[in-house]
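What's in run.txt: compact mmCIF, C-alpha atoms
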# COMPACT_ATOMS: atom_id res chain seq x y z
CA MET A 1 105.50 179.97 190.77
CA GLY A 2 101.82 180.58 191.43
CA ALA A 3 101.88 183.53 189.10
CA SER A 4 103.53 181.45 186.40
CA SER A 5 100.88 178.74 186.63
CA SER A 6 98.08 181.31 186.52
CA ARG A 7 99.62 182.93 183.45
CA ARG A 8 99.82 179.57 181.69
CA ARG A 9 96.12 178.91 182.38
CA ARG A 10 95.24 182.28 180.99
CA ASP A 11 97.21 181.54 177.87
CA ASP A 12 95.34 178.26 177.32
CA TYR A 13 91.94 179.79 177.94
CA TYR A 14 89.68 180.40 174.95
CA PRO A 15 86.50 182.42 175.34
CA PRO A 16 83.19 180.69 174.50
CA PRO A 17 81.55 181.45 171.15
CA HIS A 18 79.09 184.25 170.97
CA HIS A 19 76.20 181.93 169.90
CA TYR A 20 75.60 178.25 170.01
CA PRO A 21 73.86 176.28 167.27
CA PRO A 22 70.11 175.77 167.82
CA PRO A 23 69.05 172.44 169.28
CA PRO A 24 67.51 169.81 167.02
CA PRO A 25 63.71 169.73 166.58
CA PRO A 26 61.74 168.03 169.34
CA HIS A 27 60.50 165.15 167.18
CA HIS A 28 64.10 163.93 166.88
CA HIS A 29 63.97 162.93 170.56
CA HIS A 30 60.32 162.46 171.45
CA HIS A 31 58.91 160.84 168.27
CA PRO A 32 61.25 158.19 166.87
CA PRO A 33 60.18 156.53 163.58
CA PRO A 34 57.87 153.52 164.05
CA PRO A 35 59.45 150.10 163.57
CA PRO A 36 58.63 148.17 160.38
CA PRO A 37 55.77 145.67 160.62
CA PRO A 38 56.84 142.14 161.45
CA HIS A 39 56.94 139.56 158.68
CA HIS A 40 57.79 135.88 158.60
CA ARG A 41 59.65 135.76 155.26
CA PRO A 42 63.25 134.57 155.23
CA PRO A 43 65.82 137.26 154.73
CA PRO A 44 66.72 137.89 151.09
CA PRO A 45 70.03 136.55 149.86
CA PRO A 46 72.84 139.02 149.62
CA PRO A 47 73.36 140.67 146.22
CA PRO A 48 75.78 138.96 143.80
CA SER A 49 78.16 141.84 144.11
CA SER A 50 78.81 140.95 147.75
CA TYR A 51 80.34 137.64 146.77
CA TYR A 52 83.93 137.60 145.69
CA TYR A 53 84.32 135.92 142.38
CA HIS A 54 87.22 136.10 139.97
CA PRO A 55 87.98 133.57 137.20
CA HIS A 56 91.67 133.86 137.90
CA PRO A 57 93.25 134.26 141.30
CA PRO A 58 95.23 137.43 141.80
CA PRO A 59 98.91 137.05 140.98
CA PRO A 60 101.32 136.73 143.87
CA HIS A 61 103.06 139.88 144.94
CA ALA A 62 106.50 140.06 143.45
CA TYR A 63 109.34 141.01 145.67
CA HIS A 64 111.02 144.22 144.71
CA GLY A 65 114.53 144.85 145.84
CA PRO A 66 116.03 148.19 146.63
CA TRP A 67 115.51 150.85 143.99
CA HIS A 68 118.51 152.14 142.10
CA PRO A 69 118.05 154.99 139.61
CA ALA A 70 118.87 153.99 136.02
CA PRO A 71 121.29 156.13 134.07
CA ALA A 72 119.56 158.74 131.91
CA PRO A 73 119.70 158.06 128.14
CA PRO A 74 121.75 160.46 126.05
CA PRO A 75 119.73 163.33 124.55
CA GLN A 76 118.59 162.74 120.97
CA GLN A 77 118.49 165.32 118.25
CA PRO A 78 114.95 166.03 116.95
CA GLN A 79 114.36 164.67 113.47
CA PRO A 80 113.32 167.29 110.88
CA THR A 81 109.75 166.83 109.71
CA ALA A 82 108.83 167.28 106.07
CA LEU A 83 106.29 170.01 105.43
CA THR A 84 105.07 168.57 102.15
CA GLY A 85 102.08 166.27 101.86
CA PRO A 86 101.97 162.81 100.32
CA PRO A 87 103.71 162.49 96.95
CA PRO A 88 101.40 162.88 93.95
CA GLU A 89 100.58 160.00 91.69
CA PHE A 90 102.97 159.34 88.82
CA VAL A 91 101.87 160.99 85.58
CA GLU A 92 102.80 159.38 82.29
CA HIS A 93 104.69 161.59 79.84
CA GLN A 94 104.34 160.72 76.15
CA GLN A 95 105.44 162.28 72.91
CA ALA A 96 102.84 162.79 70.22
CA GLN A 97 103.32 160.86 67.00
CA LYS A 98 103.13 162.90 63.84
CA VAL A 99 100.47 161.62 61.43
CA LYS A 100 99.87 163.13 58.02
CA ASN A 101 96.22 163.86 57.29
CA TYR A 102 95.47 164.11 53.58
CA VAL A 103 91.90 165.40 53.86
CA ASN A 104 90.26 167.43 56.61
CA LEU A 105 86.56 168.25 56.96
CA HIS A 106 85.82 171.45 58.86
CA LYS A 107 83.30 170.05 61.31
CA ASP A 108 81.83 173.44 62.19
CA THR A 109 80.72 173.94 58.56
CA ILE A 110 78.74 170.73 57.99
CA ARG A 111 75.00 171.28 57.54
CA LEU A 112 71.87 170.03 55.75
CA VAL A 113 70.38 171.94 52.82
CA PRO A 114 67.11 171.18 50.99
CA ASP A 115 67.29 169.54 47.57
CA GLY A 116 66.08 171.94 44.87
CA ALA A 117 64.49 169.13 42.88
CA ASP A 118 62.79 167.59 45.93
CA PRO A 119 62.47 169.93 48.96
CA GLU A 120 61.54 167.01 51.21
CA ARG A 121 65.02 165.57 50.81
CA ARG A 122 68.11 166.92 52.53
CA LEU A 123 71.60 167.20 51.08
CA VAL A 124 74.87 167.32 53.05
CA ALA A 125 77.16 170.33 52.53
CA PHE A 126 80.48 171.29 54.17
CA THR A 127 83.90 172.86 53.62
CA PHE A 128 87.08 170.76 53.48
CA ASP A 129 90.78 170.78 52.62
CA ALA A 130 92.57 168.10 50.60
CA ILE A 131 96.20 167.83 49.55
CA THR A 132 95.42 164.94 47.17
CA ASP A 133 92.48 163.79 45.09
CA GLY A 134 89.88 161.62 46.75
CA SER A 135 86.20 160.89 47.25
CA VAL A 136 83.38 161.46 49.74
CA THR A 137 80.75 158.87 50.71
CA ILE A 138 77.62 159.79 52.67
CA TYR A 139 76.00 157.18 54.95
CA TYR A 140 72.71 157.45 56.83
CA PHE A 141 72.19 155.38 59.98
CA ALA A 142 75.50 153.59 59.61
CA THR A 143 77.53 151.46 61.97
CA GLU A 144 81.27 150.83 62.09
CA GLY A 145 82.65 147.47 61.01
CA LYS A 146 86.05 145.87 60.58
CA ASP A 147 89.00 148.04 59.52
CA CYS A 148 86.98 151.21 60.07
CA SER A 149 84.48 150.38 57.34
CA PHE A 150 80.87 151.59 57.52
CA SER A 151 77.56 150.22 56.30
CA SER A 152 73.97 151.40 56.62
CA VAL A 153 71.51 149.48 58.77
CA TYR A 154 68.78 150.44 56.25
CA PRO A 155 70.24 149.41 52.88
CA GLU A 156 66.90 150.03 51.14
CA LEU A 157 66.98 153.67 52.28
CA GLN A 158 69.96 154.73 50.19
CA THR A 159 72.74 153.29 48.09
CA PRO A 160 76.00 154.95 49.19
CA THR A 161 78.02 156.27 46.26
CA LYS A 162 81.51 157.75 46.13
CA ILE A 163 81.57 161.37 45.02
CA PRO A 164 85.04 162.32 43.70
CA PHE A 165 86.88 165.56 44.48
CA GLU A 166 90.18 167.17 43.50
CA LYS A 167 92.86 168.46 45.79
CA GLY A 168 92.57 172.01 47.05
CA LEU A 169 92.03 174.14 50.14
CA ALA A 170 88.75 175.57 51.45
CA GLN A 171 86.67 173.62 48.97
CA ARG A 172 82.90 173.53 49.27
CA PHE A 173 81.21 170.17 48.94
CA ILE A 174 77.49 169.59 48.37
CA GLN A 175 75.82 166.26 47.84
CA PRO A 176 74.48 165.78 44.29
CA SER A 177 70.78 166.40 43.78
CA GLY A 178 68.66 163.29 44.02
CA SER A 179 71.10 161.43 46.30
CA GLY A 180 69.70 162.81 49.55
CA VAL A 181 67.25 161.19 51.96
CA ASP A 182 63.82 162.21 53.20
CA LEU A 183 64.40 162.28 56.96
CA GLY A 184 60.73 162.82 57.73
CA PHE A 185 60.24 159.05 58.05
CA PHE A 186 62.36 158.98 61.22
CA SER A 187 61.47 160.20 64.69
CA LEU A 188 63.42 162.95 66.37
CA ASP A 189 64.77 160.50 68.94
CA GLU A 190 66.23 158.31 66.19
CA LEU A 191 67.86 161.28 64.50
CA SER A 192 69.34 162.85 67.64
CA SER A 193 70.82 159.76 69.34
CA SER A 194 73.75 157.47 68.60
CA SER A 195 72.70 154.57 70.81
CA GLY A 196 74.03 151.17 69.82
CA GLU A 197 76.91 152.73 67.85
CA VAL A 198 74.53 153.60 65.00
CA PHE A 199 75.09 157.17 63.82
CA PRO A 200 72.39 158.98 61.82
CA LEU A 201 74.99 160.67 59.60
CA VAL A 202 78.48 159.51 58.58
CA VAL A 203 80.75 161.40 56.17
CA TYR A 204 83.58 159.20 54.86
CA ALA A 205 86.26 161.34 53.17
CA GLU A 206 88.97 159.20 51.56
CA ALA A 207 92.21 160.42 49.98
CA TYR A 208 94.03 158.84 47.03
CA PRO A 209 97.65 159.96 47.28
CA SER A 210 99.91 159.57 44.29
CA PRO A 211 102.91 157.20 44.46
CA GLU A 212 105.16 160.17 45.17
CA GLU A 213 102.97 161.30 48.09
CA GLY A 214 101.88 157.93 49.46
CA GLY A 215 105.16 156.62 50.80
CA PRO A 216 105.89 152.90 51.17
CA SER A 217 102.25 151.67 51.33
CA VAL A 218 100.44 153.38 48.48
CA ASN A 219 97.43 151.03 48.45
CA ALA A 220 96.58 151.56 52.15
CA THR A 221 93.43 153.48 53.01
CA ARG A 222 93.77 157.05 54.26
CA ALA A 223 90.48 158.53 55.35
CA GLN A 224 88.83 160.91 57.78
CA ILE A 225 85.41 159.85 59.07
CA THR A 226 82.99 162.30 60.67
CA LEU A 227 80.21 160.85 62.86
CA ALA A 228 77.24 163.10 63.64
CA VAL A 229 73.67 163.25 64.91
CA LEU A 230 70.81 165.48 63.80
CA GLU A 231 69.07 167.83 66.23
CA LYS A 232 66.06 170.04 65.66
CA HIS A 233 66.46 173.79 66.24
CA ASN A 234 63.96 176.41 65.13
CA ASN A 235 61.95 173.81 63.18
CA ASP A 236 65.03 172.80 61.20
CA LEU A 237 67.50 169.92 61.47
CA GLN A 238 71.07 170.84 62.35
CA VAL A 239 74.16 168.63 62.37
CA LYS A 240 76.02 168.00 65.61
CA VAL A 241 79.40 166.28 65.19
CA MET A 242 80.05 163.67 67.87
CA LYS A 243 83.58 162.62 66.90
CA GLN A 244 86.04 162.36 64.04
CA ILE A 245 88.18 159.33 63.22
CA LEU A 246 91.40 159.19 61.24
CA TRP A 247 92.23 155.89 59.51
CA ILE A 248 95.84 155.88 58.30
CA ASP A 249 97.70 152.76 57.11
CA GLY A 250 95.53 150.39 59.15
CA VAL A 251 95.71 152.43 62.39
CA ARG A 252 92.64 154.08 63.89
CA TYR A 253 93.01 157.50 65.56
CA GLU A 254 90.27 159.49 67.25
CA LEU A 255 90.76 163.20 66.68
CA GLN A 256 90.53 165.58 69.64
CA GLU A 257 90.86 169.32 69.81
CA ILE A 258 93.83 170.78 71.71
CA PHE A 259 93.04 174.04 73.50
CA GLY A 260 95.82 176.58 72.96
CA LEU A 261 97.34 175.06 69.82
CA VAL A 262 98.17 177.76 67.27
CA ASN A 263 97.27 176.94 63.69
CA SER A 264 99.92 177.49 61.06
CA THR A 265 97.72 179.37 58.61
CA GLU A 266 98.76 182.67 57.12
CA ALA A 267 96.24 184.60 59.22
CA ASP A 268 97.60 183.10 62.41
CA VAL A 269 101.16 183.89 61.37
CA ALA A 270 100.16 187.52 60.85
CA ASP A 271 98.50 187.59 64.26
CA ALA A 272 101.58 186.04 65.85
CA ASP A 273 103.77 188.75 64.38
CA ALA A 274 101.46 191.45 65.74
CA ASP A 275 100.94 189.99 69.19
CA ASP A 276 102.96 187.03 70.50
CA THR A 277 101.58 187.06 74.03
CA GLY A 278 99.72 184.16 75.58
CA LYS A 279 101.84 181.44 73.96
CA GLU A 280 104.33 180.92 76.79
CA CYS A 281 104.29 178.18 79.41
CA VAL A 282 102.00 179.08 82.31
CA ILE A 283 104.62 177.88 84.82
CA CYS A 284 107.90 179.50 83.75
CA LEU A 285 106.33 182.21 81.52
CA SER A 286 109.32 182.08 79.17
CA GLU A 287 109.41 178.87 77.09
CA PRO A 288 106.84 178.13 74.37
CA ARG A 289 104.03 175.72 75.10
CA ASP A 290 104.56 172.27 73.63
CA THR A 291 102.93 169.85 76.13
CA ALA A 292 99.20 169.19 76.49
CA VAL A 293 97.51 167.94 79.65
CA MET A 294 95.19 164.98 79.16
CA PRO A 295 92.27 164.40 79.27
CA CYS A 296 91.31 168.11 79.51
CA ARG A 297 93.56 168.82 76.44
CA HIS A 298 95.02 172.13 77.63
CA LEU A 299 98.26 172.96 75.82
CA CYS A 300 99.78 175.06 78.61
CA LEU A 301 103.24 173.69 79.54
CA CYS A 302 106.72 173.51 78.14
CA SER A 303 108.52 170.16 78.15
CA GLU A 304 110.82 171.03 81.08
CA CYS A 305 108.02 172.24 83.35
CA ALA A 306 105.96 169.21 82.37
CA LYS A 307 108.75 166.92 83.60
CA THR A 308 108.74 168.73 86.94
CA LEU A 309 104.95 168.66 87.18
CA ARG A 310 104.97 164.87 86.91
CA PHE A 311 106.48 164.55 90.40
CA GLN A 312 104.94 167.57 92.16
CA SER A 313 101.26 167.69 91.25
CA ASN A 314 98.57 165.80 89.36
CA LYS A 315 96.31 168.79 88.64
CA CYS A 316 96.03 170.78 85.44
CA PRO A 317 97.33 174.35 85.98
CA ILE A 318 94.38 175.73 83.98
CA CYS A 319 91.26 173.85 85.09
CA ARG A 320 92.62 171.90 88.14
CA GLN A 321 91.25 168.61 86.81
CA PRO A 322 93.21 165.39 87.51
CA VAL A 323 95.99 164.70 85.01
CA GLU A 324 96.18 161.22 83.51
CA LYS A 325 99.05 161.82 81.11
CA LEU A 326 101.08 164.54 79.43
CA MET A 327 101.32 164.72 75.65
CA GLU A 328 104.31 166.52 74.15
CA ILE A 329 103.48 168.10 70.79
CA LYS A 330 106.25 169.56 68.70
CA VAL A 331 104.78 172.52 66.84
CA ARG A 332 106.82 173.86 63.96
CA SER A 333 107.33 177.59 64.30
CA PRO A 334 106.60 179.68 61.20
CA GLY A 335 109.65 180.87 59.34
CA PRO A 336 110.64 184.51 58.94
Re-express the file's structure as C-alpha cells.
Amino acid sequence: MGASSSRRRRDDYYPPPHHYPPPPPPHHHHHPPPPPPPHHRPPPPPPPSSYYYHPHPPPPHAYHGPWHPAPAPPPQQPQPTALTGPPPEFVEHQQAQKVKNYVNLHKDTIRLVPDGADPERRLVAFTFDAITDGSVTIYYFATEGKDCSFSSVYPELQTPTKIPFEKGLAQRFIQPSGSGVDLGFFSLDELSSSSGEVFPLVVYAEAYPSPEEGGPSVNATRAQITLAVLEKHNNDLQVKVMKQILWIDGVRYELQEIFGLVNSTEADVADADADDTGKECVICLSEPRDTAVMPCRHLCLCSECAKTLRFQSNKCPICRQPVEKLMEIKVRSPGP
C-alpha cells in the first residue's frame, strides 16, 4: 500500500521549469507613480453614452414553444435562362412607291463656264436626260415657296426665263449668252452657304408630257429641281449640289442616292452579263438585293432577310449604323 501511494505521487510530480521569468524592474515596487494634485472642482458628469436612452422600449420577449421541424418543400426544376439580350427595337418595313421621272439632271456634270461675250459673267452648263419636251429655268439666290415654286430674293439681279429643250438622252445644256450673272458682286460666304433656305443656284427642269404620256392629270407640274451652292477651288467657282427635289402631281419628293442599286443602262447590262457577283443579299448570299436600309441607304438585303432583321437587330449589316426603317425597292431585271 505504501508503495502504491509513493508510485501515485511520482506520477503526479512534474519537474520545475529550467528557467523562471525575470522579476519585474525595481521601480515597479519601490517608485509608484505620484498621485495627481488635489483640486476642488466637482467631478465631471458621466458621458451621454453611459445613460440608457431609447425612444421606444424594447419589445417583450415572445414565448416560443417547442420546435418542430417543418416539412421540406418539394424540389423545383431550374428554369431555363435565355441567352439572348433584350429584344431590338421594332424596325418599320416599307415598300418603295414607283414614281416616273420625266427629266433627270446629272448632278455630277453641272458646272459654271465663262460667257464668251462677257467673261465676267458665268453660264450654267450640265448634262441631262428627258423623255418628253420641257424647259429649264435658272435662278440665282432663290428660295422655295408654295407648291415647290422658286423666286429670287434679288429680282433686279436677273429675270428668270424658261429655256426650252426637246426630249433625248445625254443632252448637253448651256445657258444662253447674256443671261448669266456676274457673281463678283457677292462674297464667298454668300455663295458657299445656304443659310435661311436661300440657295445661290437653283436649276428648275420642267417636263411637258404629251396627253398620251401624261396620264390622268396632264396639266399637273412634273419637275426636277436641283439646289446648289458655289465653292471656290483653284481660284475658280465650282458647283456643289446640296439636294434634288422631284415635284410630281402635287407631291414633293427629295431624291437620295441608294448605294448598291444597279442602273439599267446598256453598259451596266453588259457588265452584269460578264460578272454578276456582288449583287446578292449579304445575309443569305443567294437572293438578289431589293431592300435598302435607311437612313444610311445601303441596298444590301433581300425581302425575306429584311423581315427577319426587323426582329433580331437594328444595325445595318454594312456600316453598323442604327436602322430607322427598311425600304423595299423592286428592281426590274434586264431581259435576255
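Taking atom CA of Gln158 of chain A and atom CA of Asp182 of chain A as endpoints, the distance between them is 10.1 Å.
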Would you kindly return, as number ranges by chain, each protein, DNA or RNA residue with an atom no farther than 7 Å from any atom of segment 167-173 of chain A, considering all atoms listed in the file and excluding same-chain residues fewer than 5 positions away? A: 125-133
Show me, as a Markdown table, the residues of segment 193-258 of chain A having an atom within 9 Å of segment 293-309 of chain A, each with the closest atom pair and its distance in Å, using all atoms listed in the file.
| residue | atom | partner | partner_atom | distance |
| --- | --- | --- | --- | --- |
| A:Gln256 | CA | A:Arg297 | CA | 8.1 |
| A:Glu257 | CA | A:Arg297 | CA | 7.2 |
| A:Ile258 | CA | A:Arg297 | CA | 5.1 |
For atom CA of Ser194 of chain A and atom CA of Phe150 of chain A, determine how far apart the two atoms are, in Å to one decimal place.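 Going from atom CA of Ser194 of chain A over to atom CA of Phe150 of chain A covers 14.4 Å.
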The distance between atom CA of Leu191 of chain A and atom CA of Glu231 of chain A is 6.9 Å
What's the 10 Å shell around Lys107 of chain A, counting only C-alpha atoms, without same-chain residues fewer than 4 positions away, as a list in words? Arg111, Phe126, Thr127, Phe128, Thr226, Leu227, Ala228, Val239, Lys240, Val241, Met242, Lys243 and Gln244 of chain A
Mind writing the picked residues with C-alpha atoms as a PDB file, in the coordinates of the input?
ATOM      1  CA  ARG A 111      75.000 171.280  57.540  1.00  0.00           C
ATOM      2  CA  PHE A 126      80.480 171.290  54.170  1.00  0.00           C
ATOM      3  CA  THR A 127      83.900 172.860  53.620  1.00  0.00           C
ATOM      4  CA  PHE A 128      87.080 170.760  53.480  1.00  0.00           C
ATOM      5  CA  THR A 226      82.990 162.300  60.670  1.00  0.00           C
ATOM      6  CA  LEU A 227      80.210 160.850  62.860  1.00  0.00           C
ATOM      7  CA  ALA A 228      77.240 163.100  63.640  1.00  0.00           C
ATOM      8  CA  VAL A 239      74.160 168.630  62.370  1.00  0.00           C
ATOM      9  CA  LYS A 240      76.020 168.000  65.610  1.00  0.00           C
ATOM     10  CA  VAL A 241      79.400 166.280  65.190  1.00  0.00           C
ATOM     11  CA  MET A 242      80.050 163.670  67.870  1.00  0.00           C
ATOM     12  CA  LYS A 243      83.580 162.620  66.900  1.00  0.00           C
ATOM     13  CA  GLN A 244      86.040 162.360  64.040  1.00  0.00           C
TER      14      GLN A 244
END
Just checking: using all atoms listed in the file, which residue out of A:Leu326, A:Leu255, A:Ala142, A:Val103 ends up closest to Thr159 of chain A?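 Under the stated criterion, the closest residue is A:Ala142.
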Protein, DNA and RNA residues within 7 Å of (66.5, 166.8, 42.1), only C-alpha atoms, as a ChimeraX atom specification: /A:115-118,177-178
If the box runs along x, y and z of the file and leaves 6 Å on each side of segment 98-115 of chain A, what are its centre and edge lengths in Å, one decimal, as JSON?
{"center_x": 85.1, "center_y": 167.8, "center_z": 55.7, "size_x": 48.0, "size_y": 24.3, "size_z": 28.3}
